[in-house]
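To start, the structure under review is shown below, and the notes come after it.
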Amino acid sequence: MIEAGTRLPPLETRLTRLDLVRYAGASGDFNPIHWSESAAATARLPTVIAHGMLTMGVALRAVTEWCGDPGLVVDYGVRFSRVVPVPDGEGALIRVDGAVAHVDDDGTAHVELSVTHAGDEVLTRAYAVVRPPRDGRLEP
Amino acid sequence: MSLNRELLGRRYESREPYEVALVKVREFARALGDENPLYHDPAAARRAGYPHVIAPPTFAVVVAQAERLAMLRDPELGLDPARMLHTEQRFRYRRPIFAGDALLATAEIVDISVRGQHEVLAWRQELAAADGDVICTLDGSVFSRGTAPA
């Protein structure tokens, strides 16, 4: 039963330089601040940073792994509040926590997400709206 | 240099549809570390009631990329890529993107505002399926650092 307050299983994932390179290739976003140390320095960044859209895409896994069917996500929005530095080697650990804020009469669930790196929120006002499947209610 | 407000309302349109390929959807899903069978396995997607694999919701930025870049790089806009910072992104879906879709994308500048010393450029993009229905709306914005008019 899904109701306001239902918590999603948390998601922890580590982004490495390889993930950034792979995302650059898959997305076509070749901005050098995501792979070049000197470009990052010129932009006055501590090191190479993750693509905001990579963090956004990975964060939604907390929702889609919970509801099972990504096709049920009808609305997903975030603000990019802080960059995610990805040092060579260790990379950056991202944690996603989610909870259902409310459920509409038709069963549509409004999920609020907290997306953090090293204790700081890297996405704010992050939410997803998940509609129920055609044949019933959400039952993760 | 400040952003050119005369471009408010300017629209950028696809010259040709973006054809969504199965291998591209899989590649994008893997780049998110996501092995959900609905992204990878056409048979699993059909069992779930879809005509083909579905794309991760954020894949819409890839489909709409050419039109977004045409807008952001419009020389008349005056946006300096080195001062640009992605600040907001939202996706609204009427249905998922399927492999095999041929989608037409648009981009439109909907707002240019000042926030302190900075400017914010906001846009709206739409993806239309072959039947003309808009299946996805993307709202985004970037910060243009330090370009507010004096």
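Just so we're on the same page: first chain in the structure tokens is A, next is B, and so on; residues restart at 1 for each chain, and ligands are numbered from 1 in the order they show up.
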Please report, as JSON, numbers by chain, each residue of chain A to which DSSP assigns helix (DSSP H, G or I) when run on this structure's backbone. {"A": [17, 18, 19, 20, 21, 22, 23, 24, 25, 26, 27, 32, 33, 34, 37, 38, 39, 40, 41, 42, 52, 53, 54, 55, 56, 57, 58, 59, 61, 62, 63, 64, 65, 66, 67, 70, 71, 72]}
Just want the 9 Å neighbourhood of Ile109 of chain B, counted on only C-alpha atoms, with same-chain residues fewer than 3 positions away dropped. Output as a list in words.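 The residues satisfying every condition are Leu7, Leu8, Gly9, Arg10, Arg11, Tyr12, Met71, Ile112, Leu121, Ala122, Trp123, Arg124 and Gln125 of chain B.
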Hey, can you spit out that residue selection with N, CA and C atoms as a CSV table (one decimal), in the first residue's frame?
chain,number,residue,atom,x,y,z
B,7,LEU,N,15.1,38.0,-28.4
B,7,LEU,CA,14.9,36.6,-28.8
B,7,LEU,C,13.8,35.9,-28.0
B,8,LEU,N,13.2,36.6,-27.1
B,8,LEU,CA,12.1,36.0,-26.3
B,8,LEU,C,11.1,35.5,-27.3
B,9,GLY,N,10.6,34.3,-27.2
B,9,GLY,CA,9.6,33.7,-28.1
B,9,GLY,C,10.2,33.1,-29.3
B,10,ARG,N,11.5,33.2,-29.6
B,10,ARG,CA,12.0,32.6,-30.8
B,10,ARG,C,12.0,31.1,-30.7
B,11,ARG,N,11.7,30.5,-31.8
B,11,ARG,CA,11.5,29.0,-31.8
B,11,ARG,C,12.5,28.4,-32.8
B,12,TYR,N,13.0,27.3,-32.4
B,12,TYR,CA,13.9,26.5,-33.2
B,12,TYR,C,13.3,25.1,-33.4
B,71,MET,N,19.6,26.9,-30.1
B,71,MET,CA,19.1,28.0,-29.3
B,71,MET,C,20.2,28.6,-28.5
B,112,ILE,N,13.8,35.5,-20.1
B,112,ILE,CA,15.1,36.0,-19.7
B,112,ILE,C,15.0,36.9,-18.6
B,121,LEU,N,18.2,32.2,-18.3
B,121,LEU,CA,17.5,32.0,-19.6
B,121,LEU,C,16.7,30.7,-19.4
B,122,ALA,N,15.4,30.8,-19.7
B,122,ALA,CA,14.5,29.7,-19.5
B,122,ALA,C,13.9,29.3,-20.9
B,123,TRP,N,13.8,28.0,-21.1
B,123,TRP,CA,13.3,27.5,-22.4
B,123,TRP,C,12.3,26.4,-22.2
B,124,ARG,N,11.5,26.2,-23.3
B,124,ARG,CA,10.6,25.0,-23.3
B,124,ARG,C,10.9,24.2,-24.6
B,125,GLN,N,11.0,22.9,-24.5
B,125,GLN,CA,11.1,22.1,-25.6
B,125,GLN,C,10.0,21.1,-25.7
Can you build me a table of chain B residues sitting at most 10 Å from chain A, with the closest atom pair per residue and its distance in Å to one decimal, using only C-alpha atoms, sorted by chain and residue number, as a tab-separated table?
residue	atom	partner	partner_atom	distance
B:Lys24	CA	A:Ala26	CA	7.5
B:Val25	CA	A:Ala26	CA	8.9
B:Arg26	CA	A:Ala26	CA	9.4
B:Glu27	CA	A:Ala26	CA	6.0
B:Phe28	CA	A:Ala26	CA	5.1
B:Ala29	CA	A:Ala26	CA	8.7
B:Arg30	CA	A:Arg22	CA	8.5
B:Ala31	CA	A:Tyr23	CA	5.0
B:Leu32	CA	A:Val58	CA	5.4
B:Gly33	CA	A:Val58	CA	7.4
B:Asp34	CA	A:Arg61	CA	7.3
B:Glu35	CA	A:Glu65	CA	10.0
B:Asn36	CA	A:Glu65	CA	7.9
B:Pro37	CA	A:Asp69	CA	9.4
B:Leu38	CA	A:Asp69	CA	7.3
B:Tyr39	CA	A:Pro70	CA	8.8
B:Ala45	CA	A:Asp69	CA	9.6
B:Ala48	CA	A:Asp69	CA	8.4
B:Gly49	CA	A:Arg134	CA	9.9
B:Tyr50	CA	A:Gly71	CA	9.0
B:Ile54	CA	A:Gly71	CA	7.1
B:Ala55	CA	A:Gly71	CA	8.4
B:Pro56	CA	A:Pro70	CA	6.9
B:Pro57	CA	A:Pro70	CA	7.2
B:Thr58	CA	A:Gly57	CA	5.9
B:Phe59	CA	A:Ser27	CA	7.9
B:Val61	CA	A:Ser27	CA	8.1
B:Val62	CA	A:Ser27	CA	5.8
B:Val63	CA	A:Ser27	CA	9.3
B:Gln65	CA	A:Gly28	CA	8.4
B:Pro81	CA	A:Asn31	CA	9.5
B:Ala82	CA	A:Ala43	CA	7.3
B:Arg83	CA	A:Ala43	CA	8.7
B:Leu85	CA	A:Phe80	CA	9.0
B:His86	CA	A:Phe80	CA	6.9
B:Thr87	CA	A:Phe80	CA	4.9
B:Glu88	CA	A:Arg79	CA	4.4
B:Gln89	CA	A:Gly77	CA	5.7
B:Arg90	CA	A:Gly77	CA	3.9
B:Phe91	CA	A:Tyr76	CA	5.3
B:Arg92	CA	A:Asp75	CA	4.4
B:Tyr93	CA	A:Val74	CA	4.7
B:Arg94	CA	A:Val74	CA	6.6
B:Arg95	CA	A:Gly71	CA	7.1
B:Pro96	CA	A:Gly71	CA	5.4
B:Ile97	CA	A:Gly71	CA	8.5
B:Phe98	CA	A:Gly71	CA	9.8
B:Cys136	CA	A:Val74	CA	9.1
B:Thr137	CA	A:Asp75	CA	9.4
B:Leu138	CA	A:Gly77	CA	9.4
B:Asp139	CA	A:Gly77	CA	8.8
B:Gly140	CA	A:Gly77	CA	9.4
B:Ser141	CA	A:Arg79	CA	9.4
B:Val142	CA	A:Phe80	CA	9.9
Hey, can you spit out that residue selection with C-alpha atoms as a PDB file, in the first residue's frame?
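Final output, result.pdb:
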ATOM      1  CA  LYS B  24      21.145   3.991 -28.507  1.00  0.00           C
ATOM      2  CA  VAL B  25      18.519   3.474 -25.787  1.00  0.00           C
ATOM      3  CA  ARG B  26      20.564   0.594 -24.361  1.00  0.00           C
ATOM      4  CA  GLU B  27      23.757   2.638 -24.503  1.00  0.00           C
ATOM      5  CA  PHE B  28      22.114   5.557 -22.693  1.00  0.00           C
ATOM      6  CA  ALA B  29      20.558   3.291 -20.027  1.00  0.00           C
ATOM      7  CA  ARG B  30      23.963   1.638 -19.420  1.00  0.00           C
ATOM      8  CA  ALA B  31      25.541   5.063 -19.035  1.00  0.00           C
ATOM      9  CA  LEU B  32      23.102   5.565 -16.133  1.00  0.00           C
ATOM     10  CA  GLY B  33      24.064   2.148 -14.755  1.00  0.00           C
ATOM     11  CA  ASP B  34      20.506   0.993 -15.364  1.00  0.00           C
ATOM     12  CA  GLU B  35      19.811  -2.587 -16.411  1.00  0.00           C
ATOM     13  CA  ASN B  36      15.990  -2.318 -16.220  1.00  0.00           C
ATOM     14  CA  PRO B  37      14.774  -4.896 -18.796  1.00  0.00           C
ATOM     15  CA  LEU B  38      12.196  -2.425 -20.146  1.00  0.00           C
ATOM     16  CA  TYR B  39      15.163  -0.401 -21.514  1.00  0.00           C
ATOM     17  CA  ALA B  45       8.845  -4.332 -22.951  1.00  0.00           C
ATOM     18  CA  ALA B  48       4.615  -4.795 -20.179  1.00  0.00           C
ATOM     19  CA  GLY B  49       2.330  -3.490 -22.935  1.00  0.00           C
ATOM     20  CA  TYR B  50       4.791  -1.333 -24.876  1.00  0.00           C
ATOM     21  CA  ILE B  54      11.175   2.428 -23.637  1.00  0.00           C
ATOM     22  CA  ALA B  55      13.871   5.049 -23.135  1.00  0.00           C
ATOM     23  CA  PRO B  56      14.939   6.368 -19.723  1.00  0.00           C
ATOM     24  CA  PRO B  57      12.917   9.549 -19.033  1.00  0.00           C
ATOM     25  CA  THR B  58      16.012  11.782 -19.181  1.00  0.00           C
ATOM     26  CA  PHE B  59      16.833  10.460 -22.686  1.00  0.00           C
ATOM     27  CA  VAL B  61      17.507  15.671 -23.612  1.00  0.00           C
ATOM     28  CA  VAL B  62      19.377  13.654 -26.217  1.00  0.00           C
ATOM     29  CA  VAL B  63      16.459  13.657 -28.645  1.00  0.00           C
ATOM     30  CA  GLN B  65      19.716  18.239 -28.174  1.00  0.00           C
ATOM     31  CA  PRO B  81      29.231  28.952 -22.894  1.00  0.00           C
ATOM     32  CA  ALA B  82      31.990  29.573 -20.319  1.00  0.00           C
ATOM     33  CA  ARG B  83      29.501  31.524 -18.148  1.00  0.00           C
ATOM     34  CA  LEU B  85      25.457  26.764 -15.748  1.00  0.00           C
ATOM     35  CA  HIS B  86      22.497  24.365 -16.070  1.00  0.00           C
ATOM     36  CA  THR B  87      20.166  25.260 -13.189  1.00  0.00           C
ATOM     37  CA  GLU B  88      16.824  23.529 -13.721  1.00  0.00           C
ATOM     38  CA  GLN B  89      15.373  20.701 -15.742  1.00  0.00           C
ATOM     39  CA  ARG B  90      11.939  19.161 -15.854  1.00  0.00           C
ATOM     40  CA  PHE B  91      10.332  16.465 -18.037  1.00  0.00           C
ATOM     41  CA  ARG B  92       6.630  15.879 -18.435  1.00  0.00           C
ATOM     42  CA  TYR B  93       5.505  12.802 -20.337  1.00  0.00           C
ATOM     43  CA  ARG B  94       2.211  11.873 -21.971  1.00  0.00           C
ATOM     44  CA  ARG B  95       3.756   8.552 -22.919  1.00  0.00           C
ATOM     45  CA  PRO B  96       7.278   7.096 -22.818  1.00  0.00           C
ATOM     46  CA  ILE B  97       9.692   7.374 -25.739  1.00  0.00           C
ATOM     47  CA  PHE B  98       9.865   4.035 -27.597  1.00  0.00           C
ATOM     48  CA  CYS B 136       7.147  15.081 -23.878  1.00  0.00           C
ATOM     49  CA  THR B 137       7.639  18.654 -22.683  1.00  0.00           C
ATOM     50  CA  LEU B 138      11.057  19.680 -21.359  1.00  0.00           C
ATOM     51  CA  ASP B 139      11.465  22.854 -19.325  1.00  0.00           C
ATOM     52  CA  GLY B 140      14.993  23.978 -18.614  1.00  0.00           C
ATOM     53  CA  SER B 141      17.030  26.950 -17.589  1.00  0.00           C
ATOM     54  CA  VAL B 142      20.625  28.080 -17.411  1.00  0.00           C
TER      55      VAL B 142
END
For Ala105 of chain B, list every protein, DNA or RNA residue within 6 Å, evaluated using only C-alpha atoms, and leave out those in the same chain fewer than 4 positions away; present the list as a compact mmCIF listing (two decimals) with N, CA and C atoms, in the first residue's frame.
# COMPACT_ATOMS: atom_id res chain seq x y z
N SER B 14 13.17 21.17 -35.53
CA SER B 14 13.92 20.10 -36.18
C SER B 14 13.84 20.24 -37.69
N ALA B 64 16.26 15.98 -27.98
CA ALA B 64 16.01 17.42 -28.21
C ALA B 64 17.30 18.24 -28.25
N GLU B 126 9.61 20.70 -26.89
CA GLU B 126 8.56 19.70 -27.05
C GLU B 126 9.04 18.63 -28.02
N LEU B 127 8.63 17.39 -27.73
CA LEU B 127 8.88 16.28 -28.64
C LEU B 127 7.55 15.80 -29.18
Write out as a PyMOL selection string each polymer residue whose atoms come within 7 Å of Gly91 of chain A, counting only C-alpha atoms; drop sequence neighbours fewer than 3 positions from it. chain A and resi 14-17+86-88
Selection file, N, CA and C atoms, as a PDB file, in the first residue's frame:
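result09.pdb written:
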ATOM      1  N   ARG A  14      28.304   5.042  -6.920  1.00  0.00           N
ATOM      2  CA  ARG A  14      29.550   5.790  -7.031  1.00  0.00           C
ATOM      3  C   ARG A  14      29.791   6.162  -8.486  1.00  0.00           C
ATOM      4  N   LEU A  15      29.955   7.443  -8.738  1.00  0.00           N
ATOM      5  CA  LEU A  15      30.269   7.906 -10.089  1.00  0.00           C
ATOM      6  C   LEU A  15      31.778   8.040 -10.221  1.00  0.00           C
ATOM      7  N   THR A  16      32.317   7.433 -11.273  1.00  0.00           N
ATOM      8  CA  THR A  16      33.765   7.515 -11.515  1.00  0.00           C
ATOM      9  C   THR A  16      34.010   8.258 -12.828  1.00  0.00           C
ATOM     10  N   ARG A  17      35.287   8.523 -13.095  1.00  0.00           N
ATOM     11  CA  ARG A  17      35.639   9.166 -14.365  1.00  0.00           C
ATOM     12  C   ARG A  17      35.140   8.340 -15.556  1.00  0.00           C
ATOM     13  N   VAL A  86      34.291  14.909  -9.283  1.00  0.00           N
ATOM     14  CA  VAL A  86      34.577  13.477  -9.440  1.00  0.00           C
ATOM     15  C   VAL A  86      36.087  13.295  -9.591  1.00  0.00           C
ATOM     16  N   PRO A  87      36.803  13.145  -8.446  1.00  0.00           N
ATOM     17  CA  PRO A  87      38.253  12.959  -8.541  1.00  0.00           C
ATOM     18  C   PRO A  87      38.598  11.629  -9.201  1.00  0.00           C
ATOM     19  N   ASP A  88      39.737  11.601  -9.871  1.00  0.00           N
ATOM     20  CA  ASP A  88      40.222  10.367 -10.481  1.00  0.00           C
ATOM     21  C   ASP A  88      40.389   9.328  -9.371  1.00  0.00           C
TER      22      ASP A  88
END
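In this model, the gap between atom CA of Met1 of chain B and atom CA of Thr147 of chain B comes to 5.7 Å.
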For Pro10 of chain A, which of A:Pro132, A:Gly98, A:Gly107, A:Pro46 is the closest residue, counting only C-alpha atoms?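 For Pro10 of chain A, the nearest of the given residues is A:Gly98.
Distance annotation: of B:Leu22, B:Pro17, B:Glu6, B:Asp131, the residue with the minimal separation from His52 of chain B is B:Leu22; atom set is only C-alpha atoms.
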